[in-house]
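This report concerns only the one structure given below.
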Amino acid sequence: MNLSYAPLGDTGMQVVFGNEIAKETNQLIRRMTDQLKDHPVEGVIEWVPAYTTLTLYYDPSVITYQELQDTLQNIYQKVQEQREAASASLVYILPTYYGGEDLSHVAEHNNLTEEKVVQIHSSGDYLIYMMGFVPGFPYLGGMSEEIATPRREDPRPEIAPGSVGIAGSQTGVYPLTSPGGWQLIGRTPVKLYDPDQEKPILLESGHYIRFVPVSKEEYDEIEKAIERGEYTVQTEAKEEVTP
Amino acid sequence: MSNPIFEIVKPGLLTTLQDEGRHGYQQYGIVASGAMDPYALKIANFLVGNDGGEAALEVTVMGPEMEVLGDAVVAITGANLSPRVNGHSVSMWKSFAVKQGDLLEFGQPVSGARAYISVAGGYDVPVVMGSKSTYLKAGMGGFEGRALDKGDVLSKGEDVVGVKGRALRPEETPVYEREMEIRVIPGPHLDAFSEDALKTFLSSTYEVTPQSDRMGYRLKGPKLEHQTSADIISEAIPLGGIQVPANGQPILLMADRQTTGGYTRIATVISSDIPYLAQAMPGCKLRFREVSVEEAQELYRERERFLRTIGRVATV
């Protein structure tokens with residue numbers, strides 16, 4: 001794949017990895033950010049990976065646009081020559097109580113039972129393609145079309161943090177109270193955004209999420225354990241098939 | 001040990017603590033925030049002897065009324081919102097001493113939209129993810145994650161004396177007009193627009209509408225047509241990005257913009273002109289002019305050199 005570069009003003013640069021949302025593209029972008037982490041480029045302030053782009057913000061009194069482009073092209077060359085995959089991906093386990101207000105609607109819309117919706121939703125690992133929208137929100141890929149449901153016509157003014165929802169063929173989790181039109185099917189007690197933690201954001205692009213059904217009682221117990229600071233989010237190493 | 005400096009008597013329209021913003025966390029969806037006018041922020045700090053990146057109070061259009069609780073050196077930069085101490089007007093872009101019992105207040109907005117009040121020693125609020133900036137939507141940073149309100153008490157970060165009477169030369173202070181020329185670098189989604197869209201954008205006047213805040217300014221002017229769709233695959237959006245949704249009316253993205261977005265962008269405002277945009281009130285007329293990346297980066301470096309000089313002089 002040939003990369004293309006575009007300036008975003010005088011302090012930003014966008015690197016474009018084609019125009020397809022694909023797991024391979026996500027892996028490639030991840031390998032680039034691995035390199036940027038391990039071998040910092042002087043003048044680069046931060047970067048934001050997205051579906052098909054990697055955006056860098058930089059200080060032009062340290063590195064010019066052309067210098068940065070050359071540097072990134074070199075990094076890309078190196079990344080392509082690498083045999084090994086990107087750094088290992090984790091699966092974040094999110095215990096989820098499937099008792100959402102719209103679960104019955106999602107079931108009806110797809111001619112499924114509620115149990116079947118839960119089974120389908122909790123059976124896959126969802127790749128975190130990017131983070132954005134609000135603090136800690138993961139853009140997930142990989143939901144089954146069997147449970148796809150359009151957004152609500154009347155968005156709710158307030159949705160509680162931890163709510164798990166479906167919008168079209170996307171699924172996601174609300175990190176903080178916000179308005180929204182997603183069909184709510186469940187809720188996780190795990191906090192995706194917690195400003196009081198040293199690492200306030202739980203997730204990172206390139207990793208995965210798995211929703212594991214729990215009962216209301218288990219949900220309440222985990223929520224209490226989180227409040228006491230006695231709960232650690234479980235993770236698993238993701239078995240990757242190297243392309 | 002706390003060193004109370006101001007008690008808010010009247011909060012004004014929107015008064016928040018802001019520094020240079022929260023950097024390094026946009027990849028997690030954390031909004032950058034920070035002073036809308038980073039130039040006025042830095043100068044305000046330099047004039048009282050602080051680091052340029054220290055937090056200051058960002059005051060919007062109608063300023064607050066504050067009682068001074070302890071002797072201090074302060075400076076006010078940015079918009080001229082008629083600052084007064086005990087009823088007498090005070091100079092802007094110049095540090096001055098205040099003493100316990102003084103009343104600092106603002107009157108009519110004269111020019112610009114946002115003023116900055118720095119205090120020698122900075123403001124004592126927690127640093128959240130590397131920044132003291134307030135992000136209102138998530139209740140993050142600044143003073144309890146919110147705008148200041150009646151009865152709030154702000155404290156000095158460090159109990160330093162500061163130096164009064166330090167000023168910018170009059171020819172160095174920016175002038176905020178109601179009509180401005182703003183320089184941009186076109187792109188990155190020019191392919192998504194009709195052939196004439198960029199020409200229309202660069203040759204027309206756009207008005208800042210009242211639907212404008214720290215997140216962005218909605219503009220009104222000749223419609224910018226798309227080829228087919230106004231939507232793109234979501235990607236990072238930069239400060240100064242000019243987003244054009246399907247209605248063809250541009251939106252300028254400012255300090256509190258979301259980290260990512262899914263609308264086409266026709267251009268990005270260069271960083272040297274962001275401070276002027278920060279001072280644009282609804283009704284202001286904007287014209288856009290194209291510059292090259294090289295030219296914009298040279299302007300950036302020139303401004304950095306100037307700020308370094310001011311910083312050095314101010315901290316001797």
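Going by the structure tokens order, chains are called A, B, ..., each with residues numbered from 1, while ligands are numbered from 1 in the order shown.
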| Which residues of chain A are close to chain B, meaning at most 6 Å apart when you count only C-alpha atoms, and how do they look as a PyMOL selection string? | chain A and resi 8-10+46+48+50+60-61+131-136
| Spatial neighbours of Thr15 in chain B, 12 Å, only C-alpha atoms, chain gap at least 6 places, as an MDAnalysis selection string | chainID B and resid 8 35 56:66 113:117 133:134 136 142:143 145:150 152 214
Generate the output file for the selected residues, C-alpha atoms, as a compact mmCIF listing (two decimals), in the first residue's frame.
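The resulting file, part.txt, is shown below:
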```
# COMPACT_ATOMS: atom_id res chain seq x y z
CA ILE B 8 -15.88 35.71 42.60
CA ALA B 35 -6.99 28.89 25.86
CA ALA B 56 -4.97 31.95 33.41
CA LEU B 57 -8.61 32.94 33.70
CA GLU B 58 -10.32 33.08 30.32
CA VAL B 59 -13.06 35.68 30.47
CA THR B 60 -15.75 35.79 27.79
CA VAL B 61 -17.36 39.05 26.54
CA MET B 62 -18.96 40.02 29.86
CA GLY B 63 -16.24 39.82 32.45
CA PRO B 64 -16.52 38.80 36.12
CA GLU B 65 -16.38 40.93 39.24
CA MET B 66 -13.79 39.68 41.73
CA ALA B 113 -14.23 38.44 22.79
CA ARG B 114 -11.87 36.81 25.30
CA ALA B 115 -9.57 38.36 27.91
CA TYR B 116 -6.99 36.55 30.05
CA ILE B 117 -6.18 37.33 33.68
CA SER B 133 -7.52 23.51 31.39
CA THR B 134 -11.26 23.21 31.98
CA LEU B 136 -16.82 21.73 30.56
CA GLY B 142 -9.77 23.69 35.89
CA PHE B 143 -11.77 24.73 38.95
CA GLY B 145 -14.34 20.94 36.14
CA ARG B 146 -16.67 23.90 35.69
CA ALA B 147 -17.01 27.61 34.98
CA LEU B 148 -16.48 29.91 37.95
CA ASP B 149 -19.48 30.91 39.99
CA LYS B 150 -20.38 33.43 42.71
CA ASP B 152 -15.75 30.59 44.42
CA ARG B 214 -15.39 27.20 22.57
```
| task | Using only C-alpha atoms, determine which residues lie at most 10 Å from Met1 in chain A, disregarding the query and same-chain residues fewer than 4 positions distant; provide the list as a list of chain:residue names. | result |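 The neighbour list is A:Phe17, A:Gly18, A:Thr25, A:Leu28, A:Gln80.
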Selection file, N, CA and C atoms, as a compact mmCIF listing (two decimals), in the first residue's frame:
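Okay, this is what ended up in out_30.txt:
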```txt
# COMPACT_ATOMS: atom_id res chain seq x y z
N PHE A 17 -3.89 5.79 4.75
CA PHE A 17 -3.64 4.39 4.42
C PHE A 17 -4.81 3.86 3.59
N GLY A 18 -4.93 4.31 2.35
CA GLY A 18 -6.03 3.86 1.50
C GLY A 18 -7.36 4.35 1.98
N THR A 25 -5.43 -2.72 7.74
CA THR A 25 -5.07 -1.30 7.80
C THR A 25 -4.85 -0.89 9.25
N LEU A 28 -1.53 -2.06 10.38
CA LEU A 28 -0.45 -1.26 9.80
C LEU A 28 -0.28 0.06 10.56
N GLN A 80 7.22 -2.14 6.93
CA GLN A 80 6.89 -3.11 5.88
C GLN A 80 7.88 -4.26 5.82
```
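By only C-alpha atoms, and with residues fewer than 5 positions from range 172-176 of chain B along its chain excluded, the set lying at most 9 Å from it is Ala40, Thr77, Gly78, Ala79, Trp93, Ser111, Gly112, Tyr276, Gln279 and Ala280 of chain B.
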| What lies within 8 Å of Leu103 in chain A using only C-alpha atoms, ignoring chain neighbours under 2 positions off, as a list in words? |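 Contacts, with the query itself left out: Tyr98, Gly99, Gly100, Glu101, His105, Val106, Ala107, Glu114, Val117, Gln183, Leu184, Ile185 and Gly186 of chain A.
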| What lies within 7 Å of range 120-125 of chain A using only C-alpha atoms, ignoring chain neighbours under 5 positions off, as a list in words? |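 So the residues in contact are Tyr208, Ile209, Arg210, Phe211, Val212 and Pro213 of chain A.
Using only C-alpha atoms, the smallest distance between any of A:Tyr57, A:Trp47, A:Tyr193, A:Tyr126 and Ile93 in chain A comes from A:Tyr126.
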| task | Find the spatial neighbours of Met92 in chain B, counting only C-alpha atoms, within a cut-off of 9 Å - ignore same-chain residues fewer than 6 positions away - and output them as a PyMOL selection string. | result | chain B and resi 75-78+80+83+167
| Shortest interatomic distance to Ala167 in chain A - which of A:Leu192, A:Ala88, A:Leu112, A:Leu140, counting only C-alpha atoms |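 When distances to Ala167 in chain A are compared using only C-alpha atoms, the smallest one comes from A:Leu140.
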| So how far away is CA of Asn50 in chain B from CA of Leu307 in chain B, in Å? | 12.9 Å
| task | Determine which residues of range 111-309 of chain B DSSP labels as helix (DSSP H, G or I) from the backbone of this structure, then write them out as a ChimeraX atom specification. | result | /B:136-138,170-172,190-192,197-203,271-278,293-309
